[in-house]
$ cat structure.json   # JSON, C-alpha atoms
[["chain", "number", "residue", "atom", "x", "y", "z"],
["W", 46, "MET", "CA", -48.72, -19.68, 21.44],
["W", 47, "ASN", "CA", -47.95, -16.05, 20.63],
["W", 48, "LYS", "CA", -47.34, -13.67, 23.49],
["W", 49, "GLY", "CA", -47.40, -9.90, 23.13],
["W", 50, "VAL", "CA", -44.31, -7.90, 24.00],
["W", 51, "ASN", "CA", -45.53, -6.93, 27.44],
["W", 52, "HIS", "CA", -44.84, -7.36, 31.11],
["W", 53, "GLU", "CA", -45.89, -11.02, 31.02],
["W", 54, "VAL", "CA", -42.89, -11.77, 28.83],
["W", 55, "TYR", "CA", -40.44, -9.21, 30.20],
["W", 56, "GLY", "CA", -42.28, -8.17, 33.31],
["W", 57, "GLU", "CA", -40.28, -10.31, 35.68],
["W", 58, "ALA", "CA", -43.06, -12.90, 36.09],
["W", 59, "HIS", "CA", -41.98, -16.18, 37.61],
["W", 60, "GLY", "CA", -42.45, -19.80, 36.62],
["W", 61, "GLU", "CA", -43.02, -21.11, 33.13],
["W", 62, "VAL", "CA", -42.98, -17.76, 31.30],
["W", 63, "ASN", "CA", -39.52, -16.90, 32.63],
["W", 64, "ALA", "CA", -38.26, -20.42, 31.94],
["W", 65, "GLU", "CA", -39.48, -20.20, 28.33],
["W", 66, "LEU", "CA", -37.89, -16.76, 27.96],
["W", 67, "ASP", "CA", -34.54, -17.94, 29.31],
["W", 68, "ILE", "CA", -34.54, -20.77, 26.77],
["W", 69, "GLU", "CA", -35.41, -18.39, 23.93],
["W", 70, "VAL", "CA", -32.66, -15.95, 24.96],
["W", 71, "LYS", "CA", -30.09, -18.75, 25.02],
["W", 72, "LEU", "CA", -31.25, -20.02, 21.64],
["W", 73, "ILE", "CA", -31.11, -16.62, 19.93],
["W", 74, "LEU", "CA", -27.64, -15.89, 21.34],
["W", 75, "GLU", "CA", -26.42, -19.30, 20.18],
["W", 76, "ALA", "CA", -27.93, -18.65, 16.75],
["W", 77, "ILE", "CA", -26.18, -15.26, 16.50],
["W", 78, "TYR", "CA", -22.89, -16.88, 17.43],
["W", 79, "LEU", "CA", -23.22, -19.73, 14.94],
["W", 80, "ARG", "CA", -24.50, -17.58, 12.06],
["W", 81, "TYR", "CA", -22.58, -14.32, 12.52],
["W", 82, "HIS", "CA", -19.76, -15.20, 14.99],
["W", 83, "TYR", "CA", -20.69, -12.51, 17.52],
["W", 84, "ASP", "CA", -20.62, -13.95, 21.02],
["W", 85, "PHE", "CA", -23.09, -12.43, 23.50],
["W", 86, "ARG", "CA", -23.57, -15.65, 25.48],
["W", 87, "ASP", "CA", -21.75, -14.33, 28.55],
["W", 88, "TYR", "CA", -23.36, -10.89, 28.62],
["W", 89, "ALA", "CA", -25.48, -9.96, 31.63],
["W", 90, "PRO", "CA", -28.95, -11.47, 31.05],
["W", 91, "THR", "CA", -31.01, -8.56, 32.41],
["W", 92, "SER", "CA", -29.42, -6.10, 29.99],
["W", 93, "LEU", "CA", -29.76, -8.55, 27.09],
["W", 94, "ARG", "CA", -33.47, -9.05, 27.72],
["W", 95, "ARG", "CA", -34.04, -5.30, 27.73],
["W", 96, "ARG", "CA", -32.20, -4.79, 24.45],
["W", 97, "LEU", "CA", -33.80, -7.77, 22.74],
["W", 98, "LYS", "CA", -37.18, -6.40, 23.77],
["W", 99, "ALA", "CA", -36.37, -3.21, 21.83],
["W", 100, "SER", "CA", -35.58, -5.30, 18.74],
["W", 101, "MET", "CA", -38.80, -7.30, 19.12],
["W", 102, "GLN", "CA", -40.83, -4.10, 19.24],
["W", 103, "ARG", "CA", -39.05, -2.62, 16.22],
["W", 104, "PHE", "CA", -39.73, -5.66, 14.04],
["W", 105, "GLU", "CA", -43.15, -6.39, 15.56],
["W", 106, "CYS", "CA", -42.14, -9.86, 16.70],
["W", 107, "PRO", "CA", -44.33, -11.25, 19.51],
["W", 108, "THR", "CA", -41.66, -13.81, 20.44],
["W", 109, "LEU", "CA", -37.89, -14.05, 20.44],
["W", 110, "SER", "CA", -38.20, -17.16, 18.30],
["W", 111, "MET", "CA", -39.80, -15.11, 15.55],
["W", 112, "LEU", "CA", -37.07, -12.47, 15.84],
["W", 113, "GLN", "CA", -34.47, -15.24, 15.66],
["W", 114, "GLY", "CA", -35.95, -16.49, 12.40],
["W", 115, "GLN", "CA", -35.82, -13.02, 10.88],
["W", 116, "LEU", "CA", -32.26, -12.20, 11.89],
["W", 117, "LEU", "CA", -30.97, -15.56, 10.63],
["W", 118, "ARG", "CA", -32.46, -14.97, 7.20],
["W", 119, "GLU", "CA", -32.15, -11.21, 6.86],
["W", 120, "PRO", "CA", -28.71, -9.64, 7.52],
["W", 121, "GLU", "CA", -30.31, -6.18, 7.72],
["W", 122, "VAL", "CA", -32.40, -7.35, 10.67],
["W", 123, "PHE", "CA", -29.30, -8.74, 12.35],
["W", 124, "ARG", "CA", -27.42, -5.45, 11.88],
["W", 125, "SER", "CA", -30.28, -3.65, 13.61],
["W", 126, "VAL", "CA", -30.30, -6.17, 16.47],
["W", 127, "LEU", "CA", -26.53, -5.82, 16.75],
["W", 128, "ARG", "CA", -26.94, -2.08, 17.28],
["W", 129, "ASP", "CA", -29.30, -2.83, 20.15],
["W", 130, "LEU", "CA", -26.97, -5.40, 21.69],
["W", 131, "THR", "CA", -23.84, -3.25, 21.48],
["W", 132, "VAL", "CA", -24.49, -0.16, 23.56],
["W", 133, "GLN", "CA", -22.90, 2.83, 21.83],
["W", 134, "VAL", "CA", -23.01, 5.57, 24.44],
["W", 135, "SER", "CA", -19.97, 7.81, 24.75],
["W", 136, "GLU", "CA", -18.74, 11.38, 24.80],
["W", 137, "MET", "CA", -15.39, 13.10, 24.71],
["W", 138, "PHE", "CA", -13.62, 13.27, 28.09],
["W", 139, "ARG", "CA", -16.54, 11.46, 29.69],
["W", 140, "ASP", "CA", -16.07, 11.48, 33.48],
["W", 141, "PRO", "CA", -13.51, 14.32, 33.43],
["W", 142, "GLU", "CA", -12.02, 13.32, 36.79],
["W", 143, "TYR", "CA", -10.85, 10.08, 35.16],
["W", 144, "PHE", "CA", -8.87, 11.97, 32.53],
["W", 145, "ARG", "CA", -7.54, 14.39, 35.13],
["W", 146, "ALA", "CA", -6.24, 11.43, 37.15],
["W", 147, "LEU", "CA", -4.62, 10.00, 34.01],
["W", 148, "ARG", "CA", -2.98, 13.36, 33.35],
["W", 149, "GLU", "CA", -1.72, 13.83, 36.90],
["W", 150, "GLN", "CA", -0.91, 10.28, 38.04],
["W", 151, "VAL", "CA", -0.37, 8.13, 34.95],
["W", 152, "VAL", "CA", 1.21, 10.43, 32.36],
["W", 153, "PRO", "CA", 4.32, 11.10, 34.51],
["W", 154, "VAL", "CA", 5.05, 7.36, 34.39],
["W", 155, "LEU", "CA", 4.24, 7.10, 30.69],
["W", 156, "ARG", "CA", 6.83, 9.81, 30.01],
["W", 157, "THR", "CA", 9.56, 7.36, 31.03],
["W", 158, "TYR", "CA", 8.87, 5.09, 28.02],
["W", 159, "PRO", "CA", 10.57, 5.80, 24.67],
["W", 160, "SER", "CA", 7.43, 4.63, 22.83],
["W", 161, "LEU", "CA", 3.88, 4.07, 24.00],
["W", 162, "LYS", "CA", 1.01, 1.79, 23.09],
["W", 163, "LEU", "CA", -2.45, 2.36, 24.57],
["W", 164, "TRP", "CA", -5.55, 0.19, 24.18],
["W", 165, "VAL", "CA", -9.10, 1.53, 24.30],
["W", 166, "ALA", "CA", -11.22, -1.63, 24.56],
["W", 167, "GLY", "CA", -14.87, -1.11, 23.60],
["W", 168, "CYS", "CA", -14.15, 2.20, 21.87],
["W", 169, "SER", "CA", -17.72, 2.66, 20.60],
["W", 170, "SER", "CA", -17.85, 5.59, 18.17],
["W", 171, "GLY", "CA", -14.36, 6.79, 19.05],
["W", 172, "GLU", "CA", -14.80, 9.62, 21.51],
["W", 173, "GLU", "CA", -12.60, 8.10, 24.21],
["W", 174, "ALA", "CA", -9.82, 7.24, 21.77],
["W", 175, "TYR", "CA", -9.74, 10.82, 20.48],
["W", 176, "SER", "CA", -9.87, 12.12, 24.06],
["W", 177, "LEU", "CA", -6.79, 10.08, 24.93],
["W", 178, "ALA", "CA", -5.06, 11.24, 21.77],
["W", 179, "ILE", "CA", -5.77, 14.87, 22.66],
["W", 180, "LEU", "CA", -4.50, 14.32, 26.20],
["W", 181, "MET", "CA", -1.29, 12.77, 24.88],
["W", 182, "LYS", "CA", -0.84, 15.60, 22.39],
["W", 183, "GLU", "CA", -1.28, 18.21, 25.10],
["W", 184, "GLU", "CA", 1.33, 16.40, 27.18],
["W", 185, "GLY", "CA", 3.79, 16.25, 24.28],
["W", 186, "LEU", "CA", 3.60, 12.47, 23.97],
["W", 187, "LEU", "CA", 1.42, 11.88, 20.91],
["W", 188, "GLU", "CA", 4.25, 11.51, 18.41],
["W", 189, "ARG", "CA", 5.58, 8.48, 20.27],
["W", 190, "THR", "CA", 2.13, 7.01, 21.01],
["W", 191, "LEU", "CA", 0.03, 4.47, 19.13],
["W", 192, "ILE", "CA", -3.54, 3.97, 20.30],
["W", 193, "TYR", "CA", -5.39, 0.75, 19.54],
["W", 194, "ALA", "CA", -9.14, 1.37, 19.63],
["W", 195, "THR", "CA", -11.24, -1.80, 19.39],
["W", 196, "ASP", "CA", -14.90, -2.74, 19.31],
["W", 197, "ILE", "CA", -17.06, -5.59, 18.05],
["W", 198, "SER", "CA", -19.37, -3.28, 16.07],
["W", 199, "GLN", "CA", -18.13, -2.56, 12.55],
["W", 200, "GLU", "CA", -20.67, 0.24, 12.28],
["W", 201, "ALA", "CA", -19.26, 1.93, 15.38],
["W", 202, "LEU", "CA", -15.69, 1.48, 14.12],
["W", 203, "THR", "CA", -16.57, 3.07, 10.79],
["W", 204, "GLN", "CA", -18.02, 6.09, 12.59],
["W", 205, "ALA", "CA", -15.01, 6.26, 14.90],
["W", 206, "GLN", "CA", -12.54, 6.14, 12.04],
["W", 207, "ALA", "CA", -14.38, 9.00, 10.31],
["W", 208, "GLY", "CA", -13.98, 11.14, 13.44],
["W", 209, "VAL", "CA", -17.09, 13.18, 12.67],
["W", 210, "TYR", "CA", -19.42, 14.36, 15.46],
["W", 211, "ARG", "CA", -22.43, 16.66, 15.68],
["W", 212, "THR", "CA", -21.77, 20.27, 16.70],
["W", 213, "ASP", "CA", -24.59, 20.20, 19.26],
["W", 214, "LEU", "CA", -22.42, 17.79, 21.28],
["W", 215, "VAL", "CA", -19.42, 20.12, 21.31],
["W", 216, "PRO", "CA", -20.39, 22.30, 24.33],
["W", 217, "GLY", "CA", -20.52, 19.15, 26.49],
["W", 218, "PHE", "CA", -17.23, 17.91, 25.04],
["W", 219, "THR", "CA", -15.63, 21.30, 25.68],
["W", 220, "GLU", "CA", -16.76, 21.48, 29.30],
["W", 221, "ASN", "CA", -15.55, 17.93, 29.94],
["W", 222, "HIS", "CA", -12.18, 18.83, 28.44],
["W", 223, "ARG", "CA", -11.89, 21.86, 30.67],
["W", 224, "LEU", "CA", -12.79, 19.91, 33.81],
["W", 225, "SER", "CA", -10.28, 17.21, 32.89],
["W", 226, "GLY", "CA", -7.43, 19.71, 33.10],
["W", 227, "GLY", "CA", -7.23, 20.26, 29.36],
["W", 228, "LYS", "CA", -4.59, 22.64, 28.10],
["W", 229, "GLY", "CA", -5.70, 25.25, 25.61],
["W", 230, "SER", "CA", -8.98, 24.97, 23.74],
["W", 231, "LEU", "CA", -10.61, 21.78, 22.53],
["W", 232, "SER", "CA", -11.31, 23.59, 19.27],
["W", 233, "GLU", "CA", -7.61, 23.34, 18.44],
["W", 234, "HIS", "CA", -8.15, 19.65, 17.77],
["W", 235, "TYR", "CA", -11.01, 19.70, 15.25],
["W", 236, "THR", "CA", -12.39, 21.57, 12.24],
["W", 237, "ALA", "CA", -16.01, 22.71, 12.22],
["W", 238, "ALA", "CA", -18.11, 22.59, 9.06],
["W", 239, "TYR", "CA", -21.87, 23.05, 8.86],
["W", 240, "ASP", "CA", -23.40, 21.04, 11.72],
["W", 241, "HIS", "CA", -20.47, 18.68, 12.35],
["W", 242, "ILE", "CA", -16.88, 18.70, 13.50],
["W", 243, "LEU", "CA", -14.00, 16.66, 12.05],
["W", 244, "MET", "CA", -11.21, 15.51, 14.36],
["W", 245, "ASP", "CA", -7.72, 16.63, 13.41],
["W", 246, "LYS", "CA", -5.60, 14.47, 11.11],
["W", 247, "SER", "CA", -2.73, 14.47, 13.60],
["W", 248, "LEU", "CA", -4.98, 12.58, 16.05],
["W", 249, "LYS", "CA", -6.30, 10.11, 13.49],
["W", 250, "GLU", "CA", -2.79, 9.18, 12.40],
["W", 251, "ARG", "CA", -1.99, 7.86, 15.87],
["W", 252, "ILE", "CA", -5.12, 5.69, 16.28],
["W", 253, "VAL", "CA", -5.68, 2.21, 14.84],
["W", 254, "PHE", "CA", -9.35, 1.22, 14.87],
["W", 255, "SER", "CA", -9.87, -2.53, 14.76],
["W", 256, "ASP", "CA", -12.41, -5.30, 15.35],
["W", 257, "HIS", "CA", -11.75, -7.18, 18.59],
["W", 258, "SER", "CA", -14.02, -9.21, 20.86],
["W", 259, "LEU", "CA", -13.33, -9.56, 24.56],
["W", 260, "SER", "CA", -15.47, -12.70, 24.45],
["W", 261, "THR", "CA", -13.45, -14.67, 21.91],
["W", 262, "ASP", "CA", -10.23, -12.90, 20.86],
["W", 263, "SER", "CA", -6.81, -12.93, 22.46],
["W", 264, "VAL", "CA", -4.18, -10.33, 23.33],
["W", 265, "PHE", "CA", -2.66, -8.68, 20.26],
["W", 266, "ALA", "CA", 0.00, -6.32, 21.70],
["W", 267, "GLU", "CA", 1.87, -5.30, 24.81],
["W", 268, "VAL", "CA", 0.60, -1.92, 26.03],
["W", 269, "GLN", "CA", 1.31, 0.59, 28.80],
["W", 270, "LEU", "CA", -2.35, 1.54, 29.36],
["W", 271, "VAL", "CA", -5.67, -0.22, 28.88],
["W", 272, "SER", "CA", -8.78, 1.94, 29.13],
["W", 273, "CYS", "CA", -11.97, -0.11, 29.15],
["W", 274, "ARG", "CA", -14.78, 1.90, 30.67],
["W", 275, "ASN", "CA", -18.47, 1.11, 30.99],
["W", 276, "VAL", "CA", -18.08, -2.19, 29.13],
["W", 277, "LEU", "CA", -17.64, -4.76, 31.89],
["W", 278, "ILE", "CA", -20.95, -3.79, 33.50],
["W", 279, "TYR", "CA", -22.68, -5.53, 30.59],
["W", 280, "PHE", "CA", -20.80, -8.82, 31.12],
["W", 281, "ASN", "CA", -21.43, -11.67, 33.51],
["W", 282, "ARG", "CA", -18.75, -12.59, 36.05],
["W", 283, "ALA", "CA", -17.04, -15.17, 33.83],
["W", 284, "LEU", "CA", -16.64, -12.74, 30.93],
["W", 285, "GLN", "CA", -15.52, -9.96, 33.28],
["W", 286, "ASP", "CA", -12.79, -12.28, 34.56],
["W", 287, "ARG", "CA", -11.79, -13.23, 31.02],
["W", 288, "SER", "CA", -11.56, -9.58, 30.01],
["W", 289, "ILE", "CA", -9.52, -8.50, 33.02],
["W", 290, "GLY", "CA", -7.26, -11.49, 32.40],
["W", 291, "LEU", "CA", -6.69, -10.24, 28.84],
["W", 292, "PHE", "CA", -5.87, -6.76, 30.13],
["W", 293, "SER", "CA", -3.46, -8.16, 32.69],
["W", 294, "GLU", "CA", -1.74, -10.20, 29.99],
["W", 295, "ALA", "CA", -1.55, -7.23, 27.62],
["W", 296, "LEU", "CA", -0.11, -4.79, 30.15],
["W", 297, "CYS", "CA", 3.60, -4.37, 30.50],
["W", 298, "ARG", "CA", 5.21, -4.44, 33.93],
["W", 299, "HIS", "CA", 3.69, -1.59, 35.96],
["W", 300, "GLY", "CA", 1.23, -0.77, 33.16],
["W", 301, "PHE", "CA", -2.11, 0.87, 33.97],
["W", 302, "LEU", "CA", -5.75, -0.23, 33.71],
["W", 303, "GLY", "CA", -8.67, 2.20, 33.74],
["W", 304, "LEU", "CA", -12.27, 1.06, 34.27],
["W", 305, "GLY", "CA", -15.66, 2.76, 34.44],
["W", 306, "ALA", "CA", -17.08, 4.44, 37.52],
["W", 307, "ARG", "CA", -19.32, 1.44, 38.35],
["W", 308, "GLU", "CA", -16.68, -1.19, 37.61],
["W", 309, "THR", "CA", -14.02, -2.74, 39.81],
["W", 310, "ILE", "CA", -11.43, -5.51, 39.80],
["W", 311, "ARG", "CA", -11.99, -6.14, 43.51],
["W", 312, "PHE", "CA", -13.90, -9.39, 43.07],
["W", 313, "SER", "CA", -12.10, -10.52, 39.95],
["W", 314, "ALA", "CA", -10.02, -13.68, 39.76],
["W", 315, "HIS", "CA", -7.20, -11.35, 38.67],
["W", 316, "ALA", "CA", -7.53, -8.80, 41.48],
["W", 317, "ASP", "CA", -4.12, -9.72, 42.89],
["W", 318, "ASP", "CA", -2.49, -8.72, 39.60],
["W", 319, "PHE", "CA", -3.18, -5.05, 40.34],
["W", 320, "SER", "CA", -2.71, -2.33, 42.93],
["W", 321, "GLU", "CA", -4.88, 0.78, 43.22],
["W", 322, "VAL", "CA", -3.55, 4.06, 41.85],
["W", 323, "ALA", "CA", -6.67, 6.22, 41.91],
["W", 324, "PRO", "CA", -9.45, 4.19, 43.59],
["W", 325, "HIS", "CA", -12.24, 6.71, 43.05],
["W", 326, "GLU", "CA", -11.40, 7.04, 39.36],
["W", 327, "ARG", "CA", -10.95, 3.25, 39.00],
["W", 328, "ILE", "CA", -7.33, 3.36, 37.83],
["W", 329, "TYR", "CA", -5.10, 0.40, 38.70],
["W", 330, "GLN", "CA", -1.48, -0.57, 38.09],
["W", 331, "ARG", "CA", -0.16, -3.97, 37.06],
["W", 332, "ARG", "CA", 1.93, -5.53, 39.78],
["W", 333, "SER", "CA", 5.27, -7.15, 38.99],
["W", 334, "PRO", "CA", 4.84, -10.87, 38.33],
["W", 335, "GLY", "CA", 5.46, -12.76, 41.54]]

$ encode --input "structure.json" --output "structure tokens"
Amino acid sequence: MNKGVNHEVYGEAHGEVNAELDIEVKLILEAIYLRYHYDFRDYAPTSLRRRLKASMQRFECPTLSMLQGQLLREPEVFRSVLRDLTVQVSEMFRDPEYFRALREQVVPVLRTYPSLKLWVAGCSSGEEAYSLAILMKEEGLLERTLIYATDISQEALTQAQAGVYRTDLVPGFTENHRLSGGKGSLSEHYTAAYDHILMDKSLKERIVFSDHSLSTDSVFAEVQLVSCRNVLIYFNRALQDRSIGLFSEALCRHGFLGLGARETIRFSAHADDFSEVAPHERIYQRRSPG
């Protein structure tokens, strides 16, 4: 029986409709994993339902089962669904107080290392990775820094690697940079042409953009800082714990972890691995192994 994409399907009704929907969600996520090897099975269900609804509307599918059939047979449909499932919302120096705390409380410790490796997990279209690169350049540390920027979306990684952003976004980027304690002008770090800006080559050379899934992949390097912001909120508790465990494993002794404003390690299975450095800005430090 076909059901329209309406509140009866997604409108938080109880009973059989919700039970059918839960089964369909599980089936489509399993199908995506088996066919394309993207694992969304431990993402928060409420967010998944909302994003899958957007895909259903776009392809005029009255049921998730119909959408599943299309994405299994048509890679273009899957790529569109993948864009819905991987939230790509970012901006340069987003949450400026976070970057100010990094500059004032984390950078002094990072200065003590002869070489630095940083990991931006869930880098989206690259704004945070470039923000960190600019911060490190302003602090005189970029030449000894390598930044790993990872995401599961190849489309986002391609955009990030290009380092091209619309000029209408620049005023917001510039104000964020100023509020973060930026030194000099943000315009020193990009070239403007027509209606876009291109990030400076000196920044790109210090960033490695790569495919990495917090759901299925393992640690790939020892780093002094992990910045994973506004990613864990889309995971269920088990995947949050897995991710924080990966960060703990990746961090060197006394390395730092930065999370998003609505994220915390407080209830994580790995909470005891960390101490708070800047609680309001969600910056933590790896404790020495006991």

$ closest_residue --input "structure.json" --among "W:Tyr158, W:Tyr83, W:Tyr235, W:Phe123" --to "W:Leu259" --atoms "all atoms listed in the file"
W:Tyr83

$ axis_aligned_box --input "structure.json" --around "stretch 124-133 of chain W" --padding-each-side "4 Å" --output "AutoDock Vina command-line options"
--center_x -26.6 --center_y -1.7 --center_z 17.7 --size_x 15.4 --size_y 17.0 --size_z 19.7

$ atom_distance --input "structure.json" --atom1 "atom CA of W:Asp129" --atom2 "atom CA of W:Ala194"
20.6 Å

$ atom_distance --input "structure.json" --atom1 "atom CA of W:Asp196" --atom2 "atom CA of W:Glu142"
23.9 Å

$ atom_distance --input "structure.json" --atom1 "atom CA of W:Thr309" --atom2 "atom CA of W:Gln330"
12.8 Å

$ residues_around --input "structure.json" --residues "W:Thr219" --least-positions-apart "3" --cutoff "10 Å" --atoms "all atoms listed in the file" --output "PyMOL selection string"
chain W and resi 137-138+214-216+222-225+227+230-232

$ residues_around --input "structure.json" --residues "W:Ile197" --least-positions-apart "5" --cutoff "6 Å" --atoms "all atoms listed in the file" --output "PyMOL selection string"
chain W and resi 256-258

$ closest_residue --input "structure.json" --among "W:Ala237, W:Ala323, W:Ile192, W:Ile68" --to "W:Arg211" --atoms "all atoms listed in the file"
W:Ala237

$ closest_residue --input "structure.json" --among "W:Ala174, W:Ala306, W:Leu97, W:Leu296" --to "W:Glu136" --atoms "all atoms listed in the file"
W:Ala174

$ closest_residue --input "structure.json" --among "W:Thr261, W:Thr195, W:Thr236, W:Asn275" --to "W:Val165" --atoms "only C-alpha atoms"
W:Thr195

$ closest_residue --input "structure.json" --among "W:Arg327, W:His315, W:Gly300, W:Leu270" --to "W:Ala283" --atoms "only C-alpha atoms"
W:His315

$ residues_around --input "structure.json" --residues "W:Leu117" --least-positions-apart "4" --cutoff "10 Å" --atoms "all atoms listed in the file" --output "list in words"
Ile73, Ala76, Ile77, Leu79, Arg80, Tyr81, Leu112, Gln113, Glu121, Val122 and Phe123 of chain W

$ build_atoms --input "structure.json" --residues "stretch 63-74 of chain W" --atoms "N, CA and C atoms" --output "short mmCIF file (atom, residue, chain, number, x, y, z; two decimals), in the frame of the given file"
data_model
loop_
_atom_site.label_atom_id
_atom_site.label_comp_id
_atom_site.auth_asym_id
_atom_site.auth_seq_id
_atom_site.Cartn_x
_atom_site.Cartn_y
_atom_site.Cartn_z
N ASN W 63 -40.94 -17.23 32.52
CA ASN W 63 -39.52 -16.90 32.63
C ASN W 63 -38.65 -18.04 32.12
N ALA W 64 -39.04 -19.27 32.40
CA ALA W 64 -38.26 -20.42 31.94
C ALA W 64 -38.24 -20.46 30.41
N GLU W 65 -39.41 -20.23 29.79
CA GLU W 65 -39.48 -20.20 28.33
C GLU W 65 -38.61 -19.08 27.78
N LEU W 66 -38.67 -17.91 28.43
CA LEU W 66 -37.89 -16.76 27.96
C LEU W 66 -36.40 -17.04 28.05
N ASP W 67 -35.97 -17.64 29.16
CA ASP W 67 -34.54 -17.94 29.31
C ASP W 67 -34.06 -18.88 28.21
N ILE W 68 -34.90 -19.85 27.85
CA ILE W 68 -34.54 -20.77 26.77
C ILE W 68 -34.44 -20.02 25.44
N GLU W 69 -35.41 -19.15 25.19
CA GLU W 69 -35.41 -18.39 23.93
C GLU W 69 -34.20 -17.47 23.84
N VAL W 70 -33.84 -16.84 24.96
CA VAL W 70 -32.66 -15.95 24.96
C VAL W 70 -31.41 -16.76 24.63
N LYS W 71 -31.26 -17.91 25.29
CA LYS W 71 -30.09 -18.75 25.02
C LYS W 71 -30.04 -19.19 23.57
N LEU W 72 -31.19 -19.55 23.02
CA LEU W 72 -31.25 -20.02 21.64
C LEU W 72 -30.89 -18.91 20.65
N ILE W 73 -31.38 -17.69 20.88
CA ILE W 73 -31.11 -16.62 19.93
C ILE W 73 -29.64 -16.19 20.01
N LEU W 74 -29.05 -16.24 21.20
CA LEU W 74 -27.64 -15.89 21.34
C LEU W 74 -26.76 -16.96 20.69
#
